[in-house]
$ cat my_file_16.cif   # mmCIF, C-alpha atoms
data_start
loop_
_atom_site.label_atom_id
_atom_site.label_comp_id
_atom_site.auth_asym_id
_atom_site.auth_seq_id
_atom_site.Cartn_x
_atom_site.Cartn_y
_atom_site.Cartn_z
CA MET L 109 114.11 231.72 208.87
CA ALA L 110 110.64 231.95 207.38
CA ASP L 111 107.98 229.84 209.06
CA GLU L 112 106.68 227.31 206.56
CA THR L 113 103.56 226.70 208.64
CA THR L 114 102.09 230.18 208.44
CA SER L 115 99.84 229.41 205.49
CA PRO L 116 96.34 228.10 206.25
CA SER L 117 96.05 224.34 206.47
CA ASN L 118 93.81 224.24 203.42
CA ALA L 119 96.29 226.20 201.27
CA ALA L 120 96.91 223.31 198.89
CA THR L 121 93.20 222.97 198.08
CA SER L 122 92.04 226.61 198.25
CA GLY L 123 94.50 228.04 195.75
CA GLU L 124 94.96 227.69 192.01
CA GLN L 125 97.53 225.05 191.08
CA VAL L 126 100.25 225.72 188.52
CA SER L 127 101.30 222.96 186.13
CA ASP L 128 104.28 220.62 186.28
CA ILE L 129 107.63 221.77 184.93
CA SER L 130 107.43 219.81 181.68
CA THR L 131 104.40 221.87 180.65
CA TYR L 132 106.35 225.12 180.82
CA LEU L 133 109.48 223.70 179.19
CA ASN L 134 107.47 222.38 176.26
CA ARG L 135 105.53 225.63 175.88
CA ALA L 136 108.75 227.64 175.73
CA LYS L 137 110.27 225.32 173.13
CA LYS L 138 107.13 225.53 171.02
CA GLU L 139 106.91 229.33 171.29
CA THR L 140 110.55 229.91 170.31
CA GLY L 141 111.24 226.97 168.03
CA LEU L 142 114.38 226.34 170.10
CA ASP L 143 115.31 223.49 172.43
CA ASP L 144 118.73 224.23 173.97
CA PHE L 145 118.47 225.76 177.45
CA GLY L 146 122.26 225.81 177.82
CA GLY L 147 122.35 223.62 180.91
CA ASP L 148 119.96 222.24 183.50
CA GLU L 149 120.96 224.13 186.66
CA PHE L 150 117.67 226.06 186.48
CA ILE L 151 115.53 222.91 186.77
CA GLU L 152 115.72 222.46 190.54
CA PRO L 153 114.94 226.13 191.35
CA LEU L 154 111.95 226.10 189.00
CA GLU L 155 110.67 222.84 190.46
CA ARG L 156 110.98 224.28 193.96
CA ILE L 157 109.07 227.42 192.97
CA ILE L 158 106.28 225.34 191.46
CA ASP L 159 106.05 223.13 194.55
CA ALA L 160 106.00 226.12 196.90
CA LEU L 161 103.38 227.97 194.87
CA ASN L 162 101.07 224.96 194.91
CA ARG L 163 101.52 224.25 198.63
CA GLU L 164 101.87 227.72 200.16
CA ALA L 165 100.92 230.68 197.97
CA VAL L 166 97.12 230.16 197.71
CA LEU L 167 97.07 231.71 194.25
CA ASN L 168 93.93 233.17 192.76
CA PRO L 169 93.30 232.92 188.97
CA ALA L 170 95.06 236.23 188.32
CA GLY L 171 98.06 235.08 190.34
CA LYS L 172 98.28 231.82 188.41
CA PHE L 173 98.20 233.72 185.11
CA GLN L 174 100.84 236.15 186.38
CA VAL L 175 103.29 233.50 187.51
CA GLU L 176 102.86 231.47 184.33
CA MET L 177 103.79 234.59 182.35
CA LEU L 178 106.93 234.91 184.50
CA PHE L 179 107.82 231.28 183.80
CA ALA L 180 107.29 231.77 180.07
CA LYS L 181 109.39 234.93 179.99
CA GLY L 182 112.27 233.31 181.88
CA LEU L 183 112.37 230.15 179.80
CA GLU L 184 111.90 231.85 176.43
CA ASN L 185 114.56 234.44 177.22
CA ARG L 186 116.95 231.67 178.24
CA LEU L 187 116.41 229.75 175.00
CA ARG L 188 116.96 232.88 172.92
CA VAL L 189 120.06 233.92 174.88
CA GLU L 190 121.67 230.53 174.36
CA ASN L 191 120.80 230.57 170.68
CA TYR L 192 122.34 234.04 170.30
CA ILE L 193 125.55 232.89 172.01
CA ARG L 194 125.71 229.84 169.77
CA GLU L 195 125.45 232.11 166.71
CA ASN L 196 127.83 234.73 168.18
CA PRO L 197 130.41 232.87 170.30
CA ASP L 198 132.63 235.96 170.52
CA VAL L 199 130.09 237.39 172.98
CA LEU L 200 131.71 235.44 175.79
CA ASP L 201 135.13 236.97 175.07
CA GLN L 202 133.96 240.43 176.13
CA LYS L 203 135.35 242.06 179.26
CA ILE L 204 133.24 243.84 181.87
CA HIS L 205 135.27 246.43 183.79
CA ALA L 206 134.26 248.01 187.10
CA PRO L 207 130.51 247.32 186.95
CA ILE L 208 128.59 249.15 189.68
CA PHE L 209 126.34 246.96 191.85
CA ILE L 210 123.83 248.81 194.06
CA SER L 211 123.14 246.46 196.95
CA GLY L 212 121.41 248.30 199.78
CA LEU L 213 118.60 246.84 201.86
CA PRO L 214 115.16 247.14 200.24
CA ARG L 215 113.47 250.54 200.51
CA THR L 216 116.70 252.43 201.25
CA GLY L 217 116.73 254.61 198.15
CA THR L 218 118.39 252.14 195.80
CA THR L 219 115.78 252.70 193.10
CA ALA L 220 116.22 256.48 193.10
CA LEU L 221 120.01 256.10 192.93
CA HIS L 222 119.69 253.60 190.08
CA HIS L 223 117.40 255.92 188.09
CA LEU L 224 119.70 258.85 188.70
CA LEU L 225 122.75 256.99 187.38
CA ASN L 226 120.68 255.84 184.42
CA ALA L 227 120.20 259.48 183.41
CA ASP L 228 123.90 259.64 182.50
CA ASN L 229 124.24 258.19 179.00
CA ALA L 230 127.76 257.01 179.85
CA ASN L 231 126.14 254.32 181.99
CA HIS L 232 124.35 251.16 180.89
CA THR L 233 121.57 250.10 183.23
CA LEU L 234 119.22 247.20 182.65
CA ARG L 235 116.22 249.08 181.33
CA LEU L 236 112.84 247.44 181.73
CA TRP L 237 112.24 246.99 178.01
CA GLU L 238 115.57 245.25 177.38
CA GLY L 239 115.32 243.12 180.52
CA ASN L 240 111.90 241.83 179.51
CA GLU L 241 113.09 240.73 176.05
CA LEU L 242 116.85 240.23 175.98
CA ILE L 243 117.14 239.17 172.34
CA PRO L 244 118.05 240.78 170.04
CA PRO L 245 120.53 242.66 172.25
CA PRO L 246 120.09 246.44 172.35
CA GLU L 247 122.15 248.58 169.98
CA ASP L 248 123.55 252.07 170.47
CA ASP L 249 121.98 253.40 167.26
CA THR L 250 118.43 252.26 168.09
CA TYR L 251 118.54 252.31 171.89
CA LEU L 252 115.97 255.10 172.16
CA SER L 253 113.73 253.88 169.34
CA ASP L 254 113.67 250.09 169.78
CA PRO L 255 110.12 248.79 169.12
CA ARG L 256 110.20 246.87 172.41
CA ILE L 257 109.95 250.21 174.21
CA GLU L 258 106.41 250.87 173.04
CA LYS L 259 105.36 247.30 173.80
CA THR L 260 106.72 247.65 177.33
CA LYS L 261 104.96 250.99 177.81
CA GLN L 262 101.65 249.24 177.14
CA ASN L 263 102.48 246.56 179.70
CA VAL L 264 103.46 249.17 182.29
CA ALA L 265 100.15 250.96 181.76
CA MET L 266 98.37 247.74 182.75
CA THR L 267 100.34 247.44 186.00
CA ASP L 268 98.34 250.05 187.88
CA GLN L 269 95.13 248.23 186.94
CA PHE L 270 96.44 244.91 188.28
CA MET L 271 98.29 246.40 191.29
CA PRO L 272 96.54 249.59 192.43
CA GLY L 273 98.95 251.84 194.29
CA PHE L 274 102.07 250.20 192.84
CA PHE L 275 103.48 253.43 191.42
CA LYS L 276 103.35 255.03 194.87
CA THR L 277 105.79 252.36 196.08
CA HIS L 278 108.13 251.79 193.14
CA LEU L 279 109.40 253.72 190.13
CA MET L 280 108.75 251.78 186.93
CA GLU L 281 108.88 253.01 183.34
CA ALA L 282 109.68 251.26 180.07
CA GLU L 283 112.82 253.32 179.44
CA ALA L 284 113.92 253.39 183.07
CA PRO L 285 116.17 250.85 184.79
CA ASP L 286 114.76 247.86 186.60
CA GLU L 287 116.19 245.25 188.91
CA CYS L 288 118.42 242.28 188.23
CA HIS L 289 115.55 239.88 188.92
CA LEU L 290 115.00 240.32 185.17
CA LEU L 291 118.27 238.41 184.66
CA PHE L 292 118.03 236.02 187.61
CA GLY L 293 114.62 235.03 186.26
CA GLN L 294 116.35 233.00 183.54
CA ASN L 295 117.69 230.54 186.12
CA PHE L 296 114.84 231.03 188.63
CA MET L 297 117.19 232.02 191.45
CA SER L 298 115.26 235.17 192.25
CA VAL L 299 113.69 236.82 195.27
CA GLN L 300 111.07 238.24 192.91
CA TYR L 301 109.04 235.11 193.53
CA SER L 302 109.26 235.23 197.32
CA ALA L 303 108.49 238.96 197.28
CA GLN L 304 105.36 238.55 195.17
CA TYR L 305 104.10 235.30 196.71
CA HIS L 306 104.16 233.67 200.14
CA ILE L 307 106.49 230.74 199.39
CA PRO L 308 108.70 230.34 202.49
CA SER L 309 110.04 226.90 201.54
CA TYR L 310 111.52 228.34 198.33
CA ALA L 311 112.80 231.45 200.13
CA ASN L 312 114.52 229.37 202.82
CA TRP L 313 116.16 227.20 200.18
CA LEU L 314 117.28 230.18 198.09
CA TYR L 315 118.87 231.95 201.06
CA GLN L 316 121.14 228.95 201.67
CA GLN L 317 122.50 228.55 198.13
CA ASP L 318 126.00 229.27 196.85
CA LEU L 319 125.29 231.91 194.21
CA THR L 320 128.56 231.71 192.26
CA ASP L 321 127.02 229.86 189.31
CA SER L 322 123.92 232.04 189.41
CA TYR L 323 126.05 235.16 189.05
CA ALA L 324 128.08 233.49 186.31
CA TYR L 325 124.87 233.16 184.29
CA HIS L 326 123.97 236.74 185.22
CA LYS L 327 127.36 237.79 183.77
CA ARG L 328 126.72 235.71 180.65
CA GLN L 329 123.57 237.73 180.01
CA MET L 330 125.40 241.01 180.67
CA GLN L 331 127.89 240.03 177.96
CA VAL L 332 125.03 239.45 175.53
CA LEU L 333 123.38 242.76 176.39
CA GLN L 334 126.58 244.76 175.92
CA HIS L 335 127.49 243.06 172.62
CA LYS L 336 126.19 246.04 170.62
CA LYS L 337 125.60 248.55 173.41
CA SER L 338 128.33 250.62 175.05
CA GLY L 339 128.40 252.04 178.56
CA ARG L 340 129.50 251.30 182.12
CA TRP L 341 127.23 248.77 183.78
CA VAL L 342 125.10 249.92 186.74
CA LEU L 343 123.00 247.14 188.26
CA LYS L 344 120.69 246.98 191.23
CA THR L 345 118.79 244.64 193.49
CA PRO L 346 118.75 244.14 197.28
CA TYR L 347 119.45 240.48 196.51
CA HIS L 348 123.06 241.47 195.73
CA GLN L 349 123.63 241.55 199.50
CA LEU L 350 123.40 237.76 199.50
CA GLY L 351 125.68 237.52 196.48
CA LEU L 352 128.67 239.68 197.40
CA PRO L 353 131.21 236.81 197.28
CA ALA L 354 129.71 235.60 193.99
CA ILE L 355 129.73 239.11 192.50
CA LEU L 356 133.40 239.66 193.27
CA THR L 357 134.32 236.16 192.08
CA ASN L 358 132.72 236.85 188.71
CA HIS L 359 133.58 240.59 188.63
CA PRO L 360 136.81 241.22 190.61
CA THR L 361 136.74 244.95 189.72
CA ALA L 362 133.09 245.50 190.73
CA ILE L 363 132.10 248.56 192.76
CA ILE L 364 129.65 247.74 195.57
CA VAL L 365 127.34 250.58 196.64
CA GLN L 366 125.52 250.09 199.94
CA THR L 367 122.68 252.45 200.85
CA HIS L 368 121.61 252.95 204.49
CA ARG L 369 118.36 254.20 206.01
CA ALA L 370 116.56 254.22 209.37
CA PRO L 371 115.32 250.64 209.93
CA MET L 372 111.77 251.64 210.87
CA LYS L 373 111.30 253.19 207.44
CA ILE L 374 112.82 250.17 205.69
CA ILE L 375 110.48 247.71 207.38
CA ALA L 376 107.25 249.69 207.24
CA SER L 377 107.77 250.68 203.62
CA GLY L 378 108.77 247.15 202.64
CA CYS L 379 105.73 245.52 204.21
CA SER L 380 103.45 248.01 202.51
CA PHE L 381 105.15 247.30 199.17
CA SER L 382 104.70 243.54 199.61
CA LYS L 383 101.03 244.09 200.44
CA VAL L 384 100.57 245.98 197.17
CA VAL L 385 102.21 243.31 194.99
CA ARG L 386 100.75 240.26 196.76
CA THR L 387 97.12 241.28 197.18
CA PRO L 388 96.05 240.96 193.51
CA SER L 389 97.54 237.47 193.08
CA SER L 390 96.59 235.50 196.17
CA HIS L 391 93.71 234.64 198.48
CA LEU L 392 96.26 234.75 201.32
CA ASN L 393 96.37 238.41 202.33
CA ASP L 394 97.33 238.28 205.99
CA ASN L 395 99.35 241.33 207.03
CA HIS L 396 101.10 239.39 209.78
CA ILE L 397 102.37 236.81 207.29
CA ILE L 398 103.73 239.64 205.15
CA GLY L 399 105.40 241.10 208.23
CA ARG L 400 107.04 237.79 209.14
CA ASP L 401 108.24 237.19 205.58
CA TRP L 402 109.71 240.68 205.40
CA MET L 403 111.50 240.45 208.75
CA ASP L 404 112.93 237.03 207.85
CA MET L 405 114.26 238.38 204.56
CA LEU L 406 115.84 241.44 206.19
CA GLN L 407 117.48 239.26 208.82
CA ILE L 408 119.06 237.06 206.15
CA TYR L 409 120.15 240.03 204.02
CA SER L 410 121.66 242.05 206.84
CA ARG L 411 123.50 239.12 208.42
CA ALA L 412 124.91 237.95 205.08
CA PHE L 413 126.18 241.42 204.24
CA GLU L 414 127.71 242.00 207.67
CA LYS L 415 129.33 238.55 207.62
CA ASN L 416 130.85 238.81 204.14
CA ARG L 417 131.78 242.46 203.84
CA PRO L 418 134.88 242.74 206.11
CA ALA L 419 136.90 240.02 204.37
CA LEU L 420 135.78 241.12 200.91
CA GLU L 421 136.54 244.76 201.58
CA ALA L 422 140.03 243.83 202.79
CA LYS L 423 140.61 241.91 199.57
CA HIS L 424 139.04 244.61 197.37
CA PRO L 425 140.02 247.95 198.98
CA GLY L 426 138.31 251.03 197.62
CA GLN L 427 135.51 249.05 195.98
CA PHE L 428 132.83 249.53 198.68
CA ILE L 429 130.87 252.79 198.91
CA ASP L 430 128.40 253.64 201.73
CA ILE L 431 125.56 256.10 201.15
CA GLN L 432 123.31 257.56 203.86
CA HIS L 433 119.79 257.82 202.42
CA ASP L 434 118.77 261.05 204.15
CA GLN L 435 122.00 262.85 203.26
CA PHE L 436 121.81 261.62 199.68
CA ILE L 437 118.27 262.96 199.29
CA GLN L 438 119.44 266.39 200.47
CA ASN L 439 122.54 266.51 198.23
CA PRO L 440 123.44 263.53 196.03
CA TRP L 441 126.52 264.97 194.32
CA PRO L 442 129.27 264.08 196.85
CA ASP L 443 128.14 260.45 196.87
CA LEU L 444 127.82 260.34 193.08
CA GLU L 445 131.36 261.64 192.72
CA LYS L 446 132.60 258.91 195.09
CA ILE L 447 130.91 256.23 193.00
CA TYR L 448 132.37 257.49 189.73
CA ALA L 449 135.83 257.89 191.24
CA ALA L 450 135.78 254.33 192.57
CA ALA L 451 134.97 253.13 189.05
CA GLY L 452 137.88 255.14 187.66
CA ALA L 453 135.66 257.74 186.01
CA SER L 454 134.30 261.24 186.51
CA ILE L 455 130.91 262.83 185.86
CA SER L 456 130.83 264.68 182.55
CA GLU L 457 129.06 268.02 182.25
CA GLU L 458 126.49 266.38 180.00
CA GLY L 459 125.97 263.56 182.48
CA LYS L 460 125.56 265.99 185.36
CA ALA L 461 123.01 268.02 183.41
CA HIS L 462 120.97 264.92 182.61
CA MET L 463 121.06 263.75 186.22
CA GLN L 464 120.02 267.17 187.49
CA ALA L 465 117.11 267.15 185.04
CA TRP L 466 116.04 263.78 186.44
CA LEU L 467 116.20 265.15 189.99
CA ASP L 468 114.12 268.18 189.01
CA ASN L 469 111.44 265.99 187.43
CA ASN L 470 111.29 263.29 190.10
CA GLN L 471 110.68 264.83 193.48
CA GLN L 472 109.62 262.50 196.30
CA GLY L 473 105.87 261.87 196.24
CA LYS L 474 105.51 262.43 192.50
CA HIS L 475 103.13 259.46 192.22
CA GLY L 476 101.43 260.04 195.58
CA LYS L 477 102.42 259.42 199.17
CA HIS L 478 103.22 255.89 200.28
CA GLU L 479 101.52 255.34 203.68
CA TYR L 480 102.73 252.62 206.05
CA ASP L 481 102.77 251.57 209.72
CA ILE L 482 104.64 248.56 211.15
CA ALA L 483 101.87 247.95 213.68
CA ASP L 484 99.66 246.85 210.81
CA TYR L 485 102.01 243.92 210.16
CA GLY L 486 102.40 242.54 213.69
CA ILE L 487 106.00 243.68 214.10
CA GLU L 488 107.22 244.72 217.54
CA GLN L 489 109.68 247.53 218.14
CA SER L 490 111.80 245.15 220.21
CA GLU L 491 112.29 242.89 217.17
CA ILE L 492 113.63 245.82 215.17
CA ASP L 493 115.93 246.83 218.02
CA ASP L 494 117.34 243.31 218.25
CA LEU L 495 117.85 242.91 214.52
CA PHE L 496 119.29 246.33 213.71
CA GLY L 497 120.96 247.51 216.93
CA ASP L 498 124.53 246.93 215.72
CA TYR L 499 123.71 248.19 212.24
CA ILE L 500 122.31 251.46 213.63
CA GLN L 501 125.42 252.09 215.69
CA ARG L 502 127.84 251.18 212.90
CA TYR L 503 126.29 253.57 210.38
CA GLN L 504 125.09 256.18 212.91
CA LEU L 505 121.43 255.95 211.93
CA ASN L 506 118.29 256.98 213.76
CA MET L 507 115.97 254.16 214.68
CA SER L 508 113.00 255.87 213.02
#
$ encode --input "my_file_16.cif" --output "structure tokens"
Amino acid sequence: MADETTSPSNAATSGEQVSDISTYLNRAKKETGLDDFGGDEFIEPLERIIDALNREAVLNPAGKFQVEMLFAKGLENRLRVENYIRENPDVLDQKIHAPIFISGLPRTGTTALHHLLNADNANHTLRLWEGNELIPPPEDDTYLSDPRIEKTKQNVAMTDQFMPGFFKTHLMEAEAPDECHLLFGQNFMSVQYSAQYHIPSYANWLYQQDLTDSYAYHKRQMQVLQHKKSGRWVLKTPYHQLGLPAILTNHPTAIIVQTHRAPMKIIASGCSFSKVVRTPSSHLNDNHIIGRDWMDMLQIYSRAFEKNRPALEAKHPGQFIDIQHDQFIQNPWPDLEKIYAAAGASISEEGKAHMQAWLDNNQQGKHGKHEYDIADYGIEQSEIDDLFGDYIQRYQLNMS
């Protein structure tokens, strides 16, 4: 588990302090003119994030501004979602059949796979613009011209100024898919916070939670987003590895796609990514702390997946797909066909053409090379061997 003592002893006094929870609740109500959050299960997670940020994260002014924007977005989206459901109660009667959940470890090619599946118009991914502002729900007729697209493009353009080098580590565009943290942000059960900030007390708490209710609210938002938008759901976040039982409780027909990659590349790339997203928001920029946080997270993810998968796969045969990163990069089509077949579908000629066009326009290194070295983060080779030895043998991976 993450070490809650790794922050400097003066963390509570050297960092910017965020406000108490009532401040953010009242701001969201005032901004939206709404007051029904649809339940109070999000209160404890938000309180824990606030406490951890103030005690551990050592925020700078930019980091405080950033996290307060995240709070505002989550709370305002939640108020608007609940208001929409109240006005359109039939939303909750909708069925979701065979949604595809991409759940590989971080930095294993999940983002590229997600973007590739997004290129097929038969699929419905959570695009960045719709995930940022859920209401009104997207509509088929205006999906490519929604005014929120342009607004999101402007926000994306600012990202490289705030996080130099971000686009070398992660694909992000207004009309491209993003991760499910955009939905988990409405109940504050999200690893986005522990990825962007050093908050081990929150991370440790989150890793121990039963996520059934969290995924029920995730499903509730999916139902809202598909109310006027057709397509097979394709969703992605490494966090899904912790939520496999909850996913299949809420979505018994879900297809689980697990990507695999050499552990050395996972860890080095992940630490470098965390460095990029944490540096602009905190005075605490210790590479060794980043390394410890990343190793702790991977340990939790990998053990949860390995523990839960056998029983779930026995109960849901044919619903788990494994993808080898290096093979997929060389030729993605066999794996894509497996995914579609598991969901009871096939790739149309139009869908294949659109996906091939995406591949042609998005070669590795398009935004520059992402440089990384585990030695920079205080991680020993022996730690990687101990953590991933069984995993490497099971999926026949190279260590490096």
$ closest_residue --input "my_file_16.cif" --among "L:Asp268, L:Asp484, L:Glu124, L:Glu258" --to "Lys172 of chain L" --atoms "only C-alpha atoms"
L:Glu124
$ atom_distance --input "my_file_16.cif" --atom1 "atom CA of Arg188 of chain L" --atom2 "atom CA of Trp237 of chain L"
15.7 Å
$ resolve_selection --input "my_file_16.cif" --expression "the PyMOL selection byres ((chain L and resi 196-204) around 10)" --output "MDAnalysis selection string"
chainID L and resid 190:195 205:207 327:336 340:341 358:362
$ resolve_selection --input "my_file_16.cif" --expression "the PyMOL selection byres ((chain L and resi 209-213) around 6)" --output "VMD selection string"
chain L and resid 208 214 216 343 to 346 348 to 349 364 to 367
$ resolve_selection --input "my_file_16.cif" --expression "the PyMOL selection byres ((chain L and resi 393) around 12)" --output "PyMOL selection string"
chain L and resi 114-116+165-168+304-306+379-380+382-392+394-399+485
$ closest_residue --input "my_file_16.cif" --among "L:Asp434, L:Asp321, L:Asp249, L:Glu458" --to "Ala227 of chain L" --atoms "all atoms listed in the file"
L:Glu458
$ residues_near_point --input "my_file_16.cif" --point "(118.5, 247.2, 185.7)" --cutoff "6 Å" --atoms "all atoms listed in the file" --output "PDB file with C-alpha atoms, keeping the file's coordinate frame"
ATOM      1  CA  THR L 233     121.570 250.100 183.230  1.00  0.00           C
ATOM      2  CA  LEU L 234     119.220 247.200 182.650  1.00  0.00           C
ATOM      3  CA  ARG L 235     116.220 249.080 181.330  1.00  0.00           C
ATOM      4  CA  PRO L 285     116.170 250.850 184.790  1.00  0.00           C
ATOM      5  CA  ASP L 286     114.760 247.860 186.600  1.00  0.00           C
ATOM      6  CA  GLU L 287     116.190 245.250 188.910  1.00  0.00           C
ATOM      7  CA  CYS L 288     118.420 242.280 188.230  1.00  0.00           C
ATOM      8  CA  LEU L 343     123.000 247.140 188.260  1.00  0.00           C
ATOM      9  CA  LYS L 344     120.690 246.980 191.230  1.00  0.00           C
TER      10      LYS L 344
END
$ atom_distance --input "my_file_16.cif" --atom1 "atom CA of Gly378 of chain L" --atom2 "atom CA of Arg215 of chain L"
6.2 Å
$ atom_distance --input "my_file_16.cif" --atom1 "atom CA of Gln501 of chain L" --atom2 "atom CA of Met372 of chain L"
14.5 Å
$ closest_residue --input "my_file_16.cif" --among "L:Asn295, L:Asn439, L:Asn162, L:Gln125" --to "Gly182 of chain L" --atoms "all atoms listed in the file"
L:Asn295
$ closest_residue --input "my_file_16.cif" --among "L:Leu183, L:Val175, L:Ala230, L:Val189" --to "Leu242 of chain L" --atoms "all atoms listed in the file"
L:Val189
$ closest_residue --input "my_file_16.cif" --among "L:Tyr409, L:Tyr347, L:Phe270, L:Phe145" --to "Met297 of chain L" --atoms "all atoms listed in the file"
L:Tyr347
$ residues_near_point --input "my_file_16.cif" --point "(128.8, 236.6, 193.6)" --cutoff "9 Å" --atoms "all atoms listed in the file" --output "MDAnalysis selection string"
chainID L and resid 318:324 348 350:359
$ write_last_selection --input "my_file_16.cif" --atoms "C-alpha atoms" --output "PDB file, in the coordinates of the input"
ATOM      1  CA  ASP L 318     126.000 229.270 196.850  1.00  0.00           C
ATOM      2  CA  LEU L 319     125.290 231.910 194.210  1.00  0.00           C
ATOM      3  CA  THR L 320     128.560 231.710 192.260  1.00  0.00           C
ATOM      4  CA  ASP L 321     127.020 229.860 189.310  1.00  0.00           C
ATOM      5  CA  SER L 322     123.920 232.040 189.410  1.00  0.00           C
ATOM      6  CA  TYR L 323     126.050 235.160 189.050  1.00  0.00           C
ATOM      7  CA  ALA L 324     128.080 233.490 186.310  1.00  0.00           C
ATOM      8  CA  HIS L 348     123.060 241.470 195.730  1.00  0.00           C
ATOM      9  CA  LEU L 350     123.400 237.760 199.500  1.00  0.00           C
ATOM     10  CA  GLY L 351     125.680 237.520 196.480  1.00  0.00           C
ATOM     11  CA  LEU L 352     128.670 239.680 197.400  1.00  0.00           C
ATOM     12  CA  PRO L 353     131.210 236.810 197.280  1.00  0.00           C
ATOM     13  CA  ALA L 354     129.710 235.600 193.990  1.00  0.00           C
ATOM     14  CA  ILE L 355     129.730 239.110 192.500  1.00  0.00           C
ATOM     15  CA  LEU L 356     133.400 239.660 193.270  1.00  0.00           C
ATOM     16  CA  THR L 357     134.320 236.160 192.080  1.00  0.00           C
ATOM     17  CA  ASN L 358     132.720 236.850 188.710  1.00  0.00           C
ATOM     18  CA  HIS L 359     133.580 240.590 188.630  1.00  0.00           C
TER      19      HIS L 359
END
$ closest_residue --input "my_file_16.cif" --among "L:Phe413, L:Tyr251, L:Tyr315, L:Phe296" --to "Lys337 of chain L" --atoms "all atoms listed in the file"
L:Tyr251
$ build_atoms --input "my_file_16.cif" --residues "segment 307-322 of chain L" --atoms "N, CA and C atoms" --output "PDB file, in the coordinates of the input"
ATOM      1  N   ILE L 307     105.921 232.061 199.672  1.00  0.00           N
ATOM      2  CA  ILE L 307     106.490 230.740 199.390  1.00  0.00           C
ATOM      3  C   ILE L 307     107.740 230.542 200.258  1.00  0.00           C
ATOM      4  N   PRO L 308     107.553 230.409 201.569  1.00  0.00           N
ATOM      5  CA  PRO L 308     108.700 230.340 202.490  1.00  0.00           C
ATOM      6  C   PRO L 308     109.636 229.176 202.240  1.00  0.00           C
ATOM      7  N   SER L 309     109.129 228.033 201.762  1.00  0.00           N
ATOM      8  CA  SER L 309     110.040 226.900 201.540  1.00  0.00           C
ATOM      9  C   SER L 309     111.047 227.239 200.447  1.00  0.00           C
ATOM     10  N   TYR L 310     110.597 227.913 199.390  1.00  0.00           N
ATOM     11  CA  TYR L 310     111.520 228.340 198.330  1.00  0.00           C
ATOM     12  C   TYR L 310     112.479 229.406 198.858  1.00  0.00           C
ATOM     13  N   ALA L 311     111.952 230.375 199.607  1.00  0.00           N
ATOM     14  CA  ALA L 311     112.800 231.450 200.130  1.00  0.00           C
ATOM     15  C   ALA L 311     113.901 230.884 201.025  1.00  0.00           C
ATOM     16  N   ASN L 312     113.528 229.968 201.927  1.00  0.00           N
ATOM     17  CA  ASN L 312     114.520 229.370 202.820  1.00  0.00           C
ATOM     18  C   ASN L 312     115.609 228.648 202.046  1.00  0.00           C
ATOM     19  N   TRP L 313     115.193 227.922 201.016  1.00  0.00           N
ATOM     20  CA  TRP L 313     116.160 227.200 200.180  1.00  0.00           C
ATOM     21  C   TRP L 313     117.080 228.181 199.455  1.00  0.00           C
ATOM     22  N   LEU L 314     116.506 229.213 198.868  1.00  0.00           N
ATOM     23  CA  LEU L 314     117.280 230.180 198.090  1.00  0.00           C
ATOM     24  C   LEU L 314     118.334 230.865 198.961  1.00  0.00           C
ATOM     25  N   TYR L 315     117.954 231.237 200.177  1.00  0.00           N
ATOM     26  CA  TYR L 315     118.870 231.950 201.060  1.00  0.00           C
ATOM     27  C   TYR L 315     120.115 231.127 201.409  1.00  0.00           C
ATOM     28  N   GLN L 316     120.031 229.816 201.276  1.00  0.00           N
ATOM     29  CA  GLN L 316     121.140 228.950 201.670  1.00  0.00           C
ATOM     30  C   GLN L 316     122.053 228.555 200.511  1.00  0.00           C
ATOM     31  N   GLN L 317     121.748 229.007 199.296  1.00  0.00           N
ATOM     32  CA  GLN L 317     122.500 228.550 198.130  1.00  0.00           C
ATOM     33  C   GLN L 317     123.794 229.326 197.901  1.00  0.00           C
ATOM     34  N   ASP L 318     124.799 228.624 197.371  1.00  0.00           N
ATOM     35  CA  ASP L 318     126.000 229.270 196.850  1.00  0.00           C
ATOM     36  C   ASP L 318     125.604 229.890 195.513  1.00  0.00           C
ATOM     37  N   LEU L 319     125.797 231.187 195.375  1.00  0.00           N
ATOM     38  CA  LEU L 319     125.290 231.910 194.210  1.00  0.00           C
ATOM     39  C   LEU L 319     126.342 232.136 193.123  1.00  0.00           C
ATOM     40  N   THR L 320     127.490 231.484 193.231  1.00  0.00           N
ATOM     41  CA  THR L 320     128.560 231.710 192.260  1.00  0.00           C
ATOM     42  C   THR L 320     128.099 231.394 190.840  1.00  0.00           C
ATOM     43  N   ASP L 321     127.479 230.241 190.644  1.00  0.00           N
ATOM     44  CA  ASP L 321     127.020 229.860 189.310  1.00  0.00           C
ATOM     45  C   ASP L 321     125.880 230.752 188.833  1.00  0.00           C
ATOM     46  N   SER L 322     125.030 231.159 189.762  1.00  0.00           N
ATOM     47  CA  SER L 322     123.920 232.040 189.410  1.00  0.00           C
ATOM     48  C   SER L 322     124.444 233.370 188.872  1.00  0.00           C
TER      49      SER L 322
END
